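Enquirer: Here you go, one structure.
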Amino acid sequence: MSKTILGRVCAGLLVLGLSSSAFADPPSTGLGQAWPNATDVSSSPNFHAYVFVLGGVKYVQINDLNGNVLAAIGMANGQFLTLPIGRFAQFVRTPQQPAAVATTATPVSSPTTVYQDATTQVTTTPQSDGTMQVSALATCSDPIVCNTHIQ
């Protein structure tokens, strides 16, 4: 091999080596999809939970075991926003927002934690009318951490 070809091969391998981390973790895409390109981080064997981060906002999507989207919530700096996707989007509660639809249904079991990290907890509670109450709340106790990190 000539020195020029060898130099090009080495340079190519160096570039590939430096960019290989981009191939290790595929991008988290597919918010709103049954089986998004994201890791299932659910803390319950009865649900799937997926996390997406874009523009400093974290989104958590909750699916049932069949991949049906139940609800999704956006959060940043202790503020929560219910996204209008999922079978039970109208029944999502956050610290800033009650459920969009009032109901007389009652819980048929205790809340199940589906997702939890250092700053956020998302629970589901089956209701007597067959719906599912999805609740998100801030769990961060350190205001400096809570207000300076993506939640």
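Please note that chains go A, B, ... in the order of the structure tokens, that every chain numbers its residues from 1, and that ligands are numbered from 1 in the order shown.
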So that each row is one residue of region 64-85 of chain A with an atom at most 10 Å from region 91-115 of chain A, can you give its shortest atom pair and the distance in Å to one decimal, using only C-alpha atoms, rows by chain and rising number, as CSV?

Expert:
```
residue,atom,partner,partner_atom,distance
A:Leu70,CA,A:Val92,CA,9.6
A:Ala71,CA,A:Val92,CA,7.2
A:Ala72,CA,A:Val92,CA,8.5
A:Ile73,CA,A:Val92,CA,8.3
A:Met75,CA,A:Thr94,CA,9.9
A:Gly78,CA,A:Pro95,CA,8.9
A:Gln79,CA,A:Gln96,CA,7.1
A:Phe80,CA,A:Thr94,CA,6.2
A:Leu81,CA,A:Thr94,CA,7.4
A:Thr82,CA,A:Val92,CA,6.6
A:Leu83,CA,A:Val92,CA,9.1
A:Pro84,CA,A:Val92,CA,9.9
```

Enquirer: Could you pull out the helix (DSSP H, G or I) residues of region 10-140 of chain A from DSSP and send them as a ChimeraX atom specification?

Expert: /A:10-24,89-91

Enquirer: Go ahead and save the picked residues with C-alpha atoms, as a short mmCIF file (atom, residue, chain, number, x, y, z; two decimals), in the first residue's frame.

Expert:
```
data_model
loop_
_atom_site.label_atom_id
_atom_site.label_comp_id
_atom_site.auth_asym_id
_atom_site.auth_seq_id
_atom_site.Cartn_x
_atom_site.Cartn_y
_atom_site.Cartn_z
CA CYS A 10 -6.10 5.57 8.79
CA ALA A 11 -7.92 8.90 8.58
CA GLY A 12 -11.15 7.11 7.66
CA LEU A 13 -10.81 4.70 10.56
CA LEU A 14 -10.11 7.59 12.93
CA VAL A 15 -13.26 9.43 11.80
CA LEU A 16 -15.29 6.24 12.08
CA GLY A 17 -13.89 5.58 15.55
CA LEU A 18 -14.70 9.09 16.73
CA SER A 19 -18.23 8.89 15.39
CA SER A 20 -18.99 5.34 16.57
CA SER A 21 -20.69 6.66 19.70
CA ALA A 22 -23.38 8.07 17.44
CA PHE A 23 -24.14 4.52 16.32
CA ALA A 24 -24.19 3.09 19.86
CA ALA A 89 -55.02 12.08 27.62
CA GLN A 90 -58.15 13.79 28.97
CA PHE A 91 -57.65 12.05 32.33
#
```

Enquirer: Would you list the contacts of Ala34 (chain A) as a ChimeraX atom specification, taking every protein, DNA or RNA residue within 7 Å and counting only C-alpha atoms, but skipping same-chain residues closer than 4 positions in sequence?

Expert: /A:67-69

Enquirer: Looking at only C-alpha atoms, which of A:Gly130, A:Thr119, A:Asp40, A:Phe47 is the one that sits closest to Ala76 (chain A)?

Expert: A:Thr119
